>>> print(open('target-v1.txt').read())   # compact mmCIF, C-alpha atoms
# COMPACT_ATOMS: atom_id res chain seq x y z
CA MET G 1 -63.89 -53.15 62.33
CA SER G 2 -66.55 -53.05 65.04
CA ASN G 3 -68.75 -55.79 66.43
CA ARG G 4 -71.60 -54.43 64.38
CA ASP G 5 -69.61 -55.25 61.29
CA LEU G 6 -69.50 -58.91 62.31
CA ASN G 7 -73.11 -59.06 61.14
CA SER G 8 -72.45 -57.43 57.77
CA ARG G 9 -72.11 -59.57 54.68
CA PRO G 10 -68.94 -58.91 52.66
CA MET G 11 -68.97 -59.28 48.89
CA LEU G 12 -66.45 -58.58 46.16
CA ALA G 13 -67.06 -55.14 44.68
CA SER G 14 -68.72 -55.16 41.26
CA HIS G 15 -65.47 -54.35 39.48
CA VAL G 16 -63.54 -57.24 41.05
CA ARG G 17 -63.22 -60.76 39.71
CA LEU G 18 -61.65 -63.72 41.54
CA LYS G 19 -59.70 -65.97 39.25
CA THR G 20 -56.99 -68.60 39.30
CA ASP G 21 -53.92 -67.40 37.47
CA PRO G 22 -53.46 -70.10 34.83
CA VAL G 23 -49.69 -69.61 34.78
CA SER G 24 -48.84 -69.62 38.49
CA GLY G 25 -51.93 -71.38 39.84
CA ASP G 26 -52.29 -68.58 42.41
CA PRO G 27 -55.69 -67.10 43.23
CA VAL G 28 -55.83 -63.47 42.09
CA LEU G 29 -58.28 -60.62 42.32
CA LEU G 30 -58.60 -58.73 39.05
CA PHE G 31 -59.86 -55.17 38.82
CA PRO G 32 -59.35 -52.27 36.41
CA GLU G 33 -55.64 -51.66 35.91
CA GLY G 34 -54.63 -53.97 38.69
CA LEU G 35 -54.43 -57.34 40.32
CA LEU G 36 -53.83 -58.68 43.78
CA VAL G 37 -52.28 -62.10 44.34
CA LEU G 38 -53.96 -63.72 47.32
CA ASN G 39 -52.11 -65.85 49.83
CA ALA G 40 -53.78 -69.03 51.04
CA THR G 41 -55.40 -67.34 54.05
CA ALA G 42 -56.78 -64.43 52.05
CA HIS G 43 -58.11 -66.83 49.43
CA GLU G 44 -59.96 -68.91 52.03
CA ILE G 45 -61.57 -65.72 53.28
CA VAL G 46 -62.32 -64.09 49.94
CA ARG G 47 -63.95 -67.14 48.43
CA ARG G 48 -66.48 -67.03 51.28
CA CYS G 49 -67.34 -63.37 50.65
CA ASP G 50 -70.50 -64.15 48.73
CA GLY G 51 -72.77 -61.39 49.99
CA GLU G 52 -74.76 -64.02 51.93
CA SER G 53 -72.47 -65.07 54.78
CA THR G 54 -71.87 -62.61 57.60
CA VAL G 55 -68.36 -61.94 58.83
CA ALA G 56 -69.14 -64.05 61.90
CA GLU G 57 -70.30 -66.89 59.67
CA ILE G 58 -67.05 -66.69 57.72
CA ILE G 59 -64.95 -66.88 60.89
CA ARG G 60 -66.64 -69.89 62.51
CA PRO G 61 -66.12 -72.59 59.84
CA LEU G 62 -62.59 -71.34 59.16
CA ALA G 63 -61.71 -71.81 62.84
CA GLU G 64 -63.09 -75.37 62.69
CA GLU G 65 -61.56 -76.26 59.36
CA PHE G 66 -58.08 -75.08 60.26
CA ASP G 67 -58.32 -76.18 63.87
CA ALA G 68 -57.25 -72.76 65.10
CA GLY G 69 -58.51 -70.67 67.97
CA GLU G 70 -61.49 -68.53 67.08
CA GLU G 71 -59.71 -65.47 68.45
CA VAL G 72 -56.74 -65.96 66.11
CA VAL G 73 -58.95 -66.63 63.11
CA ARG G 74 -61.14 -63.67 63.91
CA ASN G 75 -58.14 -61.33 63.95
CA ASP G 76 -56.85 -62.77 60.68
CA VAL G 77 -60.21 -62.43 58.97
CA LEU G 78 -60.87 -58.92 60.22
CA GLU G 79 -57.42 -57.76 59.20
CA ASN G 80 -57.75 -59.24 55.72
CA LEU G 81 -61.23 -57.83 55.21
CA GLU G 82 -60.13 -54.41 56.35
CA GLN G 83 -57.21 -54.40 53.92
CA LEU G 84 -59.45 -55.40 51.04
CA ARG G 85 -62.01 -52.79 52.00
CA ALA G 86 -59.33 -50.10 52.11
CA GLN G 87 -58.47 -51.00 48.52
CA ASN G 88 -62.14 -50.74 47.44
CA LEU G 89 -62.17 -54.43 46.58
CA LEU G 90 -64.91 -55.44 49.04
CA VAL G 91 -68.28 -54.01 49.87
CA PHE G 92 -70.23 -54.82 53.01
CA LEU G 93 -73.97 -55.41 52.80
CA GLU G 94 -75.93 -54.64 55.94
CA MET O 1 -41.22 -61.86 39.16
CA LYS O 2 -40.67 -63.78 35.99
CA ARG O 3 -40.96 -61.97 32.67
CA ARG O 4 -44.46 -62.36 31.41
CA PRO O 5 -47.16 -60.21 29.81
CA TYR O 6 -49.99 -59.42 32.20
CA VAL O 7 -51.76 -56.81 30.09
CA LEU O 8 -52.75 -56.73 26.45
CA LEU O 9 -53.80 -53.41 24.97
CA ALA O 10 -55.82 -54.17 21.85
CA GLU O 11 -56.12 -51.11 19.64
CA VAL O 12 -58.92 -52.39 17.45
CA THR O 13 -59.20 -49.34 15.17
CA TYR O 14 -57.54 -45.99 14.56
CA GLY O 15 -60.89 -44.44 13.69
CA CYS O 16 -62.33 -41.96 16.20
CA PRO O 17 -65.04 -39.30 16.27
CA LEU O 18 -62.83 -37.01 18.38
CA HIS O 19 -59.81 -34.92 17.45
CA CYS O 20 -57.95 -34.49 20.73
CA PRO O 21 -54.67 -32.61 20.30
CA TYR O 22 -52.82 -35.13 22.52
CA CYS O 23 -54.15 -38.31 20.89
CA SER O 24 -51.94 -41.28 21.71
CA ASN O 25 -52.34 -42.86 18.28
CA PRO O 26 -49.49 -42.41 15.80
CA VAL O 27 -49.33 -39.10 13.93
CA SER O 28 -49.24 -41.08 10.71
CA SER O 29 -50.98 -44.41 11.13
CA PRO O 30 -49.18 -47.39 9.61
CA ALA O 31 -50.96 -48.55 6.48
CA GLY O 32 -52.77 -51.86 6.41
CA LEU O 33 -56.10 -53.57 6.90
CA GLU O 34 -57.58 -53.78 10.38
CA LEU O 35 -57.50 -57.23 11.95
CA GLU O 36 -60.73 -59.14 11.47
CA THR O 37 -62.96 -60.53 14.19
CA SER O 38 -61.52 -64.04 13.99
CA GLU O 39 -57.96 -62.72 14.09
CA TRP O 40 -58.63 -60.72 17.26
CA LYS O 41 -60.26 -63.72 18.91
CA ARG O 42 -57.21 -65.81 18.15
CA VAL O 43 -54.98 -63.07 19.58
CA PHE O 44 -57.03 -63.07 22.82
CA GLN O 45 -56.64 -66.84 23.16
CA GLU O 46 -52.91 -66.65 22.49
CA ALA O 47 -52.56 -63.82 24.98
CA ALA O 48 -54.35 -65.74 27.71
CA ARG O 49 -52.10 -68.77 27.14
CA LEU O 50 -49.08 -66.50 27.46
CA GLY O 51 -50.26 -65.29 30.88
CA VAL O 52 -52.20 -62.15 30.04
CA LEU O 53 -54.93 -61.46 32.61
CA HIS O 54 -56.05 -57.96 31.60
CA LEU O 55 -57.33 -56.81 28.24
CA GLY O 56 -57.88 -53.17 27.32
CA LEU O 57 -60.12 -52.82 24.28
CA SER O 58 -59.04 -49.50 22.90
CA GLY O 59 -58.48 -47.57 19.69
CA GLY O 60 -59.15 -44.97 18.34
CA GLU O 61 -62.73 -45.57 19.33
CA PRO O 62 -63.46 -49.28 19.78
CA LEU O 63 -67.23 -48.70 19.52
CA LEU O 64 -66.68 -47.95 15.83
CA ARG O 65 -66.02 -51.66 15.34
CA ARG O 66 -69.35 -53.23 14.42
CA ASP O 67 -68.05 -56.53 15.75
CA LEU O 68 -67.26 -55.14 19.20
CA PRO O 69 -69.87 -57.42 20.89
CA ASP O 70 -68.15 -60.39 19.24
CA LEU O 71 -64.77 -59.16 20.42
CA VAL O 72 -66.05 -58.80 23.99
CA ALA O 73 -67.49 -62.31 23.89
CA GLY O 74 -64.19 -63.61 22.51
CA ALA O 75 -62.25 -61.92 25.28
CA ARG O 76 -64.53 -63.41 27.90
CA ALA O 77 -64.20 -66.85 26.34
CA ALA O 78 -60.43 -66.47 26.70
CA GLY O 79 -60.94 -65.67 30.41
CA LEU O 80 -59.55 -62.14 30.19
CA TYR O 81 -60.63 -59.28 32.49
CA THR O 82 -61.83 -56.85 29.86
CA ASN O 83 -61.93 -53.09 30.13
CA LEU O 84 -63.48 -51.02 27.34
CA ILE O 85 -61.47 -47.84 26.84
CA THR O 86 -63.75 -45.44 25.02
CA SER O 87 -64.67 -41.84 24.31
CA GLY O 88 -68.21 -42.87 25.25
CA ILE O 89 -69.51 -41.69 21.87
CA GLY O 90 -71.95 -44.36 20.73
CA LEU O 91 -72.35 -46.01 24.10
CA ASP O 92 -76.11 -45.92 24.72
CA PRO O 93 -77.94 -47.84 27.47
CA ALA O 94 -78.84 -50.77 25.21
CA ARG O 95 -75.25 -51.20 24.04
CA ALA O 96 -73.92 -50.95 27.60
CA ARG O 97 -76.33 -53.67 28.79
CA GLN O 98 -75.47 -55.86 25.81
CA LEU O 99 -71.73 -55.61 26.41
CA ARG O 100 -72.16 -56.36 30.09
CA THR O 101 -74.22 -59.44 29.31
CA LEU O 102 -71.48 -60.62 26.95
CA GLY O 103 -68.92 -60.43 29.73
CA LEU O 104 -67.42 -56.95 29.70
CA ASP O 105 -65.88 -56.27 33.13
CA SER O 106 -65.48 -52.50 33.20
CA VAL O 107 -65.63 -49.32 31.15
CA GLN O 108 -63.24 -46.39 31.06
CA ILE O 109 -64.59 -43.20 29.53
CA SER O 110 -62.37 -40.29 28.61
CA LEU O 111 -63.37 -36.78 29.56
CA GLN O 112 -61.69 -33.59 28.39
CA ALA O 113 -62.99 -31.15 31.00
CA ASP O 114 -65.73 -30.61 33.59
CA GLU O 115 -68.02 -28.67 31.25
CA ALA O 116 -69.12 -28.71 27.64
CA GLU O 117 -67.58 -25.56 26.21
CA LEU O 118 -64.01 -26.39 27.15
CA GLY O 119 -64.52 -30.14 26.75
CA ASP O 120 -65.92 -29.84 23.24
CA SER O 121 -63.20 -27.44 22.17
CA ILE O 122 -60.50 -29.88 23.31
CA ALA O 123 -62.25 -32.87 21.74
CA GLY O 124 -62.89 -30.97 18.52
CA ALA O 125 -66.45 -32.30 18.56
CA ARG O 126 -69.72 -31.91 20.43
CA ALA O 127 -68.88 -34.69 22.80
CA HIS O 128 -69.10 -33.63 26.42
CA GLN O 129 -72.83 -34.17 27.01
CA ARG O 130 -72.74 -37.46 25.12
CA LYS O 131 -69.96 -38.61 27.43
CA LEU O 132 -72.03 -37.77 30.50
CA ASP O 133 -74.93 -39.73 29.01
CA ALA O 134 -72.61 -42.66 28.29
CA ALA O 135 -71.31 -42.60 31.87
CA ALA O 136 -74.89 -42.82 33.12
CA ALA O 137 -75.58 -45.70 30.74
CA VAL O 138 -72.55 -47.55 32.10
CA THR O 139 -73.50 -47.27 35.76
CA GLN O 140 -77.17 -48.04 35.01
CA ALA O 141 -76.07 -51.22 33.26
CA GLY O 142 -74.27 -52.20 36.47
CA LEU O 143 -70.83 -51.85 34.93
CA PRO O 144 -67.98 -50.35 36.94
CA LEU O 145 -67.04 -46.91 35.63
CA SER O 146 -63.57 -45.42 35.39
CA LEU O 147 -62.96 -41.95 34.07
CA ASN O 148 -59.76 -40.84 32.43
CA LEU O 149 -58.84 -37.25 31.90
CA VAL O 150 -55.70 -35.98 30.23
CA LEU O 151 -54.47 -32.90 32.06
CA HIS O 152 -52.71 -30.03 30.33
CA ARG O 153 -52.41 -26.27 30.42
CA HIS O 154 -56.03 -25.69 29.39
CA ASN O 155 -57.77 -27.81 32.01
CA LEU O 156 -55.35 -28.18 34.96
CA GLU O 157 -56.97 -25.23 36.74
CA ARG O 158 -60.34 -26.98 36.47
CA LEU O 159 -59.23 -29.91 38.61
CA PRO O 160 -61.59 -29.35 41.58
CA ALA O 161 -64.63 -29.19 39.27
CA ILE O 162 -63.37 -32.21 37.35
CA ILE O 163 -63.09 -34.25 40.54
CA SER O 164 -66.59 -33.19 41.62
CA LEU O 165 -67.97 -34.23 38.26
CA ALA O 166 -66.35 -37.66 38.55
CA GLU O 167 -67.92 -38.09 41.99
CA SER O 168 -71.36 -37.10 40.74
CA LEU O 169 -71.09 -39.57 37.84
CA GLY O 170 -70.51 -42.43 40.27
CA ALA O 171 -67.04 -43.31 39.00
CA GLN O 172 -65.13 -45.88 41.03
CA ARG O 173 -61.84 -44.71 39.64
CA LEU O 174 -60.57 -41.41 38.29
CA GLU O 175 -57.34 -41.37 36.35
CA LEU O 176 -55.85 -37.90 36.09
CA ALA O 177 -53.09 -38.28 33.55
CA ASN O 178 -50.86 -35.35 32.87
CA VAL O 179 -50.19 -35.20 29.16
CA GLN O 180 -47.03 -37.02 28.09
CA PHE O 181 -45.29 -35.55 25.11
CA TYR O 182 -45.27 -38.01 22.26
CA GLY O 183 -46.90 -37.98 18.86
CA TRP O 184 -49.76 -35.50 18.67
CA ALA O 185 -49.02 -34.06 22.10
CA TRP O 186 -45.42 -33.47 21.06
CA LEU O 187 -46.61 -31.55 17.98
CA ASN O 188 -48.87 -29.50 20.25
CA ARG O 189 -46.49 -29.11 23.19
CA GLU O 190 -46.39 -25.34 22.82
CA SER O 191 -50.08 -25.23 23.60
CA LEU O 192 -50.32 -28.07 26.11
CA LEU O 193 -47.32 -27.86 28.43
CA PRO O 194 -48.33 -26.45 31.81
CA SER O 195 -46.21 -24.14 33.91
CA ARG O 196 -44.32 -25.60 36.85
CA ASP O 197 -46.63 -23.71 39.23
CA GLN O 198 -49.72 -25.11 37.54
CA ALA O 199 -48.34 -28.63 37.76
CA GLN O 200 -47.45 -28.30 41.43
CA ALA O 201 -50.83 -26.82 42.40
CA ALA O 202 -52.63 -29.62 40.56
CA PHE O 203 -50.54 -32.26 42.29
CA ALA O 204 -51.46 -30.87 45.71
CA ARG O 205 -55.15 -30.78 44.78
CA ALA O 206 -55.09 -34.35 43.50
CA GLN O 207 -53.35 -35.51 46.67
CA SER O 208 -55.97 -33.98 48.92
CA ALA O 209 -58.78 -35.39 46.76
CA ARG O 210 -57.19 -38.83 46.98
CA GLU O 211 -57.20 -38.66 50.75
CA ARG O 212 -60.71 -37.25 50.98
CA LEU O 213 -62.16 -39.87 48.63
CA ALA O 214 -60.27 -42.89 49.97
CA GLY O 215 -62.59 -45.88 50.13
CA ARG O 216 -65.09 -44.26 47.73
CA MET O 217 -63.31 -43.33 44.54
CA GLU O 218 -59.76 -44.23 43.66
CA VAL O 219 -57.88 -41.20 42.38
CA VAL O 220 -54.83 -42.00 40.27
CA TYR O 221 -52.50 -39.17 39.35
CA VAL O 222 -50.03 -39.62 36.53
CA LEU O 223 -47.21 -37.14 37.04
CA PRO O 224 -46.09 -34.75 34.33
CA ASP O 225 -42.70 -36.34 33.84
CA TYR O 226 -40.97 -33.25 32.40
CA PHE O 227 -41.13 -31.73 35.89
CA GLU O 228 -39.72 -34.78 37.65
CA GLN O 229 -36.14 -35.51 38.64
CA ARG O 230 -36.37 -39.17 37.70
CA PRO O 231 -37.95 -40.91 34.72
CA LYS O 232 -41.10 -42.98 34.90
CA PRO O 233 -40.63 -46.77 35.03
CA CYS O 234 -42.03 -46.97 31.54
CA MET O 235 -44.13 -50.11 30.90
CA GLN O 236 -42.44 -51.62 34.00
CA GLY O 237 -39.60 -52.36 31.64
CA TRP O 238 -39.56 -52.92 27.90
CA GLY O 239 -41.07 -56.30 27.03
CA GLU O 240 -41.54 -57.27 30.68
CA ARG O 241 -45.25 -56.91 31.49
CA TYR O 242 -47.14 -55.32 28.60
CA LEU O 243 -48.16 -56.11 25.05
CA THR O 244 -49.90 -53.86 22.57
CA VAL O 245 -51.42 -55.08 19.33
CA ASN O 246 -52.27 -52.24 16.97
CA PRO O 247 -55.18 -52.17 14.49
CA ILE O 248 -53.17 -53.76 11.69
CA GLY O 249 -51.77 -56.54 13.87
CA GLN O 250 -48.31 -55.27 14.75
CA VAL O 251 -47.18 -56.31 18.22
CA LEU O 252 -45.54 -53.53 20.23
CA PRO O 253 -43.72 -53.50 23.58
CA CYS O 254 -45.34 -50.09 24.20
CA PRO O 255 -48.30 -48.38 22.49
CA ASN O 256 -46.03 -45.64 21.22
CA ALA O 257 -43.18 -47.84 20.00
CA THR O 258 -43.83 -47.25 16.29
CA SER O 259 -42.51 -43.72 16.88
CA ILE O 260 -38.98 -45.09 17.31
CA PRO O 261 -37.19 -44.78 13.97
CA GLY O 262 -35.72 -47.93 12.53
CA LEU O 263 -37.59 -50.45 14.66
CA GLU O 264 -39.52 -53.20 12.91
CA PHE O 265 -42.41 -55.02 14.48
CA GLU O 266 -43.74 -58.51 13.96
CA ASN O 267 -47.37 -59.10 13.02
CA VAL O 268 -49.89 -61.51 14.54
CA ARG O 269 -50.95 -62.36 11.00
CA LYS O 270 -47.60 -64.03 10.45
CA GLN O 271 -46.45 -65.27 13.86
CA SER O 272 -47.98 -66.33 17.15
CA LEU O 273 -48.01 -63.91 20.03
CA GLU O 274 -45.87 -66.37 21.97
CA THR O 275 -43.13 -66.42 19.35
CA ILE O 276 -43.18 -62.64 19.07
CA TRP O 277 -43.06 -62.14 22.84
CA HIS O 278 -40.14 -64.50 23.38
CA GLU O 279 -38.13 -64.26 20.20
CA SER O 280 -38.70 -61.04 18.28
CA ALA O 281 -35.81 -58.62 17.91
CA SER O 282 -38.07 -55.69 18.86
CA PHE O 283 -39.11 -57.19 22.21
CA ASN O 284 -35.58 -58.28 23.07
CA LEU O 285 -33.92 -55.01 22.12
CA PHE O 286 -34.25 -53.24 25.49
CA ARG O 287 -34.81 -56.17 27.81
CA GLY O 288 -32.53 -56.63 30.78
CA GLU O 289 -29.62 -54.27 31.34
CA ALA O 290 -27.04 -55.06 28.68
CA TRP O 291 -28.33 -52.28 26.43
CA MET O 292 -28.11 -49.61 29.12
CA PRO O 293 -25.78 -46.65 28.63
CA TRP O 294 -23.92 -44.76 31.32
CA PRO O 295 -25.13 -43.53 33.84
CA CYS O 296 -28.00 -46.06 33.94
CA ARG O 297 -25.80 -49.12 33.88
CA GLU O 298 -24.13 -48.16 37.15
CA CYS O 299 -27.15 -46.54 38.74
CA PRO O 300 -28.75 -48.21 41.77
CA GLU O 301 -32.14 -46.92 40.57
CA ARG O 302 -32.03 -48.85 37.29
CA HIS O 303 -34.03 -51.69 38.88
CA ARG O 304 -36.80 -49.25 39.67
CA ASP O 305 -37.08 -47.13 36.53
CA PHE O 306 -35.34 -49.30 33.88
CA GLY O 307 -33.68 -46.21 32.44
CA GLY O 308 -37.03 -44.55 31.73
CA CYS O 309 -38.84 -44.37 28.45
CA ARG O 310 -37.26 -45.55 25.18
CA CYS O 311 -39.69 -43.55 23.05
CA GLN O 312 -38.87 -40.37 24.95
CA ALA O 313 -35.14 -41.02 24.64
CA ALA O 314 -35.54 -41.51 20.88
CA LEU O 315 -37.72 -38.44 20.46
CA LEU O 316 -35.58 -36.04 22.47
CA THR O 317 -32.04 -37.31 21.83
CA GLY O 318 -32.39 -39.26 18.58
CA ASP O 319 -31.01 -42.33 20.38
CA PRO O 320 -33.58 -44.82 21.72
CA SER O 321 -30.98 -46.44 23.98
CA ALA O 322 -30.03 -43.18 25.71
CA THR O 323 -30.91 -42.47 29.32
CA ASP O 324 -34.36 -40.88 29.39
CA PRO O 325 -33.44 -37.16 29.42
CA VAL O 326 -36.14 -36.50 32.01
CA CYS O 327 -33.64 -37.94 34.51
CA SER O 328 -31.56 -35.22 36.14
CA LEU O 329 -28.59 -37.62 35.96
CA SER O 330 -28.85 -37.79 32.19
CA PRO O 331 -26.03 -35.95 30.41
CA ARG O 332 -28.77 -34.56 28.17
CA HIS O 333 -31.21 -33.47 30.86
CA GLN O 334 -30.84 -29.88 29.68
CA ILE O 335 -32.98 -30.77 26.65
CA VAL O 336 -36.03 -31.10 28.91
CA ARG O 337 -35.17 -27.94 30.83
CA ASN O 338 -34.94 -26.04 27.57
CA ILE O 339 -38.33 -27.29 26.40
CA ILE O 340 -40.00 -26.23 29.63
CA ASP O 341 -38.40 -22.79 29.43
CA ALA O 342 -39.21 -22.29 25.76
CA GLU O 343 -42.82 -23.48 25.82
CA THR O 344 -43.88 -21.84 29.04
CA ALA O 345 -42.04 -18.55 28.52
CA GLY O 346 -45.06 -16.64 27.32
CA LEU O 347 -47.92 -18.86 28.48
CA ASP O 348 -50.77 -18.09 26.19
CA GLY O 349 -53.74 -19.83 24.71
CA SER O 350 -51.98 -20.61 21.48
CA SER O 351 -54.02 -22.84 19.23
CA TRP O 352 -53.38 -26.51 18.68
CA GLN O 353 -53.46 -28.77 15.71
CA GLU O 354 -56.40 -31.14 15.75
CA ARG O 355 -55.75 -34.77 15.22
CA GLN O 356 -56.86 -35.75 11.74
CA ASN O 357 -58.55 -39.12 11.87
CA PRO O 358 -57.96 -41.85 9.37
CA SER O 359 -61.06 -43.42 7.92
CA ALA O 360 -62.31 -46.39 9.91
CA ARG O 361 -61.06 -48.96 7.44
>>> encode(input="target-v1.txt", output="structure tokens")
Amino acid sequence: MSNRDLNSRPMLASHVRLKTDPVSGDPVLLFPEGLLVLNATAHEIVRRCDGESTVAEIIRPLAEEFDAGEEVVRNDVLENLEQLRAQNLLVFLE
Amino acid sequence: MKRRPYVLLAEVTYGCPLHCPYCSNPVSSPAGLELETSEWKRVFQEAARLGVLHLGLSGGEPLLRRDLPDLVAGARAAGLYTNLITSGIGLDPARARQLRTLGLDSVQISLQADEAELGDSIAGARAHQRKLDAAAAVTQAGLPLSLNLVLHRHNLERLPAIISLAESLGAQRLELANVQFYGWAWLNRESLLPSRDQAQAAFARAQSARERLAGRMEVVYVLPDYFEQRPKPCMQGWGERYLTVNPIGQVLPCPNATSIPGLEFENVRKQSLETIWHESASFNLFRGEAWMPWPCRECPERHRDFGGCRCQAALLTGDPSATDPVCSLSPRHQIVRNIIDAETAGLDGSSWQERQNPSAR
């Protein structure tokens, strides 16, 4: 993911729904014929992918909230976003 | 993971405008009245409480149910992720928009081929162009589109054109499912079974398409299990992850389970889904490993494939608790070899038997 992408605005793809699994309490992404259970980090990231916030704007408050270095958070966020994009679960608005 | 149903397949009617020779509905549909709107809505609520996250609204052709909008709304109210599994016949732009507004999450349309002549001959109806129109209606309504295509001897060679068509229709997902031989497909196996060469060439083409389209369109390829050395992990284990409710309310561990002689199934009209899932004899019959015969019970792969498919074991060996004969370790693997040899000996365009549809109600 390049620096240019830091200004793109990630959003769940139209076929993906974020939901709390009523049985386990885990956040899950639902899509045709599949689901992905999100860990706490991925959930914090995904719930900010609203198509409005840029990647940079997702990183900054997370670094503050979790009192972690921006570099570490940035790597975490970029890695998670890339994985979700590779699975067609996220789209990036310019 | 703990045993729990994640997916409910709701077969809301056996009626269908098509006559595909590999139809997955039973060859003779069990007699009884279709569940009513209120009964389906109750089933959706019970399913959600049991842990189901995904609902497939299927049939037959679910659009033949006049109450389909009600059913979609009921599924949404239960919080289920709902996928309409349809031939596309009857899905016009207004209906697509209406269903989306009511909370439908995605649509899967079946195709038979890349072009009308072959497609219509397989479907036994003038369907191909109407399917293309339905696909356009789905994407215009802003609904995610999946396409499903059953592959067999008569369309395997068309795979490149089929993949191009799916791309041009804007599908997010293309499911290429090699025909599995149960029910109607079993009756028509002589006409449908591909040659080993055909199957291998198609696999290579699907693989390269999957790589080329990564990130744009998901390409799922369901292997033709007769040509495999190991059985498919059918339903991720009997009574572990999946529930099917058929049009008359019977609850099945697998959509094809009524084909197993001697099994009896509970009905949502008489018991809750929860009771049936946990306590019914049919769901407990092939759970765990105690039922497994040799060689499955000593096989390190039993945790991966669960001994294969019970319906296939019943169909090919007469014993639903036998090792799936697709497995090369099965003492009866030769049965599958013999079928391949017999049916592909003189590959020809032999005719098939069209599925005869029951009336809608």
>>> interface_residues(input="target-v1.txt", of="chain O", to="chain G", cutoff="8 Å", atoms="only C-alpha atoms", output="list in words")
Arg49, Leu50, Gly51, Leu53, His54, Tyr81, Asn83, Asp105, Ser106, Gly142, Leu143, Pro144, Ala214, Gly215, Arg216 and Glu218 of chain O
>>> residues_around(input="target-v1.txt", residues="Ala116 (chain O)", least_positions_apart="5", cutoff="10 Å", atoms="all atoms listed in the file", output="ChimeraX atom specification")
/O:121-123,126-132
>>> residues_around(input="target-v1.txt", residues="Ala257 (chain O)", least_positions_apart="4", cutoff="8 Å", atoms="only C-alpha atoms", output="number ranges by chain")
O: 252-253, 311
>>> residues_around(input="target-v1.txt", residues="region 77-79 of chain G", least_positions_apart="4", cutoff="10 Å", atoms="all atoms listed in the file", output="mmCIF file with C-alpha atoms, in the frame of the given file")
data_model
loop_
_atom_site.group_PDB
_atom_site.id
_atom_site.type_symbol
_atom_site.label_atom_id
_atom_site.label_comp_id
_atom_site.auth_asym_id
_atom_site.auth_seq_id
_atom_site.Cartn_x
_atom_site.Cartn_y
_atom_site.Cartn_z
ATOM 1 C CA MET G 1 -63.890 -53.150 62.330
ATOM 2 C CA SER G 2 -66.550 -53.050 65.040
ATOM 3 C CA ASP G 5 -69.610 -55.250 61.290
ATOM 4 C CA LEU G 6 -69.500 -58.910 62.310
ATOM 5 C CA THR G 41 -55.400 -67.340 54.050
ATOM 6 C CA ALA G 42 -56.780 -64.430 52.050
ATOM 7 C CA GLU G 44 -59.960 -68.910 52.030
ATOM 8 C CA ILE G 45 -61.570 -65.720 53.280
ATOM 9 C CA VAL G 46 -62.320 -64.090 49.940
ATOM 10 C CA VAL G 55 -68.360 -61.940 58.830
ATOM 11 C CA ALA G 56 -69.140 -64.050 61.900
ATOM 12 C CA ILE G 58 -67.050 -66.690 57.720
ATOM 13 C CA ILE G 59 -64.950 -66.880 60.890
ATOM 14 C CA LEU G 62 -62.590 -71.340 59.160
ATOM 15 C CA GLU G 71 -59.710 -65.470 68.450
ATOM 16 C CA VAL G 72 -56.740 -65.960 66.110
ATOM 17 C CA VAL G 73 -58.950 -66.630 63.110
ATOM 18 C CA GLN G 83 -57.210 -54.400 53.920
ATOM 19 C CA LEU G 84 -59.450 -55.400 51.040
ATOM 20 C CA ARG G 85 -62.010 -52.790 52.000
#
>>> atom_distance(input="target-v1.txt", atom1="CA of Gln353 (chain O)", atom2="CA of Asn188 (chain O)")
6.5 Å
>>> axis_aligned_box(input="target-v1.txt", around="region 73-91 of chain G", padding_each_side="5 Å", output="lines of an AutoDock Vina configuration file")
center_x = -62.6
center_y = -58.4
center_z = 55.3
size_x = 21.4
size_y = 26.5
size_z = 27.4
>>> atom_distance(input="target-v1.txt", atom1="CA of Pro17 (chain O)", atom2="CA of Leu315 (chain O)")
27.7 Å
>>> residues_around(input="target-v1.txt", residues="Lys270 (chain O)", least_positions_apart="5", cutoff="12 Å", atoms="all atoms listed in the file", output="ChimeraX atom specification")
/O:39,43,248-251,265,275-276
>>> residues_around(input="target-v1.txt", residues="Glu70 (chain G)", least_positions_apart="4", cutoff="8 Å", atoms="all atoms listed in the file", output="MDAnalysis selection string")
chainID G and resid 59:60 63 74
>>> atom_distance(input="target-v1.txt", atom1="CA of Gly103 (chain O)", atom2="CA of Leu68 (chain O)")
11.9 Å
>>> closest_residue(input="target-v1.txt", among="O:Arg100, O:Arg158, O:Arg241, O:His278", to="Arg4 (chain O)", atoms="only C-alpha atoms")
O:Arg241
>>> decode(input="target-v1.txt", residues="region 65-82 of chain G", atoms="C-alpha atoms", output="JSON list (two decimals), in the first residue's frame")
[["chain", "number", "residue", "atom", "x", "y", "z"],
["G", 65, "GLU", "CA", -6.64, 5.69, 21.72],
["G", 66, "PHE", "CA", -4.37, 2.70, 22.20],
["G", 67, "ASP", "CA", -1.37, 4.77, 23.22],
["G", 68, "ALA", "CA", 0.82, 3.06, 20.65],
["G", 69, "GLY", "CA", 3.44, 4.46, 18.33],
["G", 70, "GLU", "CA", 2.04, 5.77, 15.08],
["G", 71, "GLU", "CA", 4.53, 3.67, 13.14],
["G", 72, "VAL", "CA", 3.32, 0.44, 14.78],
["G", 73, "VAL", "CA", -0.33, 1.34, 14.31],
["G", 74, "ARG", "CA", 0.25, 2.36, 10.72],
["G", 75, "ASN", "CA", 1.80, -1.02, 9.92],
["G", 76, "ASP", "CA", -1.05, -2.85, 11.65],
["G", 77, "VAL", "CA", -3.70, -0.86, 9.82],
["G", 78, "LEU", "CA", -2.07, -1.15, 6.42],
["G", 79, "GLU", "CA", -1.57, -4.88, 6.83],
["G", 80, "ASN", "CA", -5.18, -5.43, 7.88],
["G", 81, "LEU", "CA", -6.56, -3.27, 5.09],
["G", 82, "GLU", "CA", -4.44, -5.04, 2.53]]
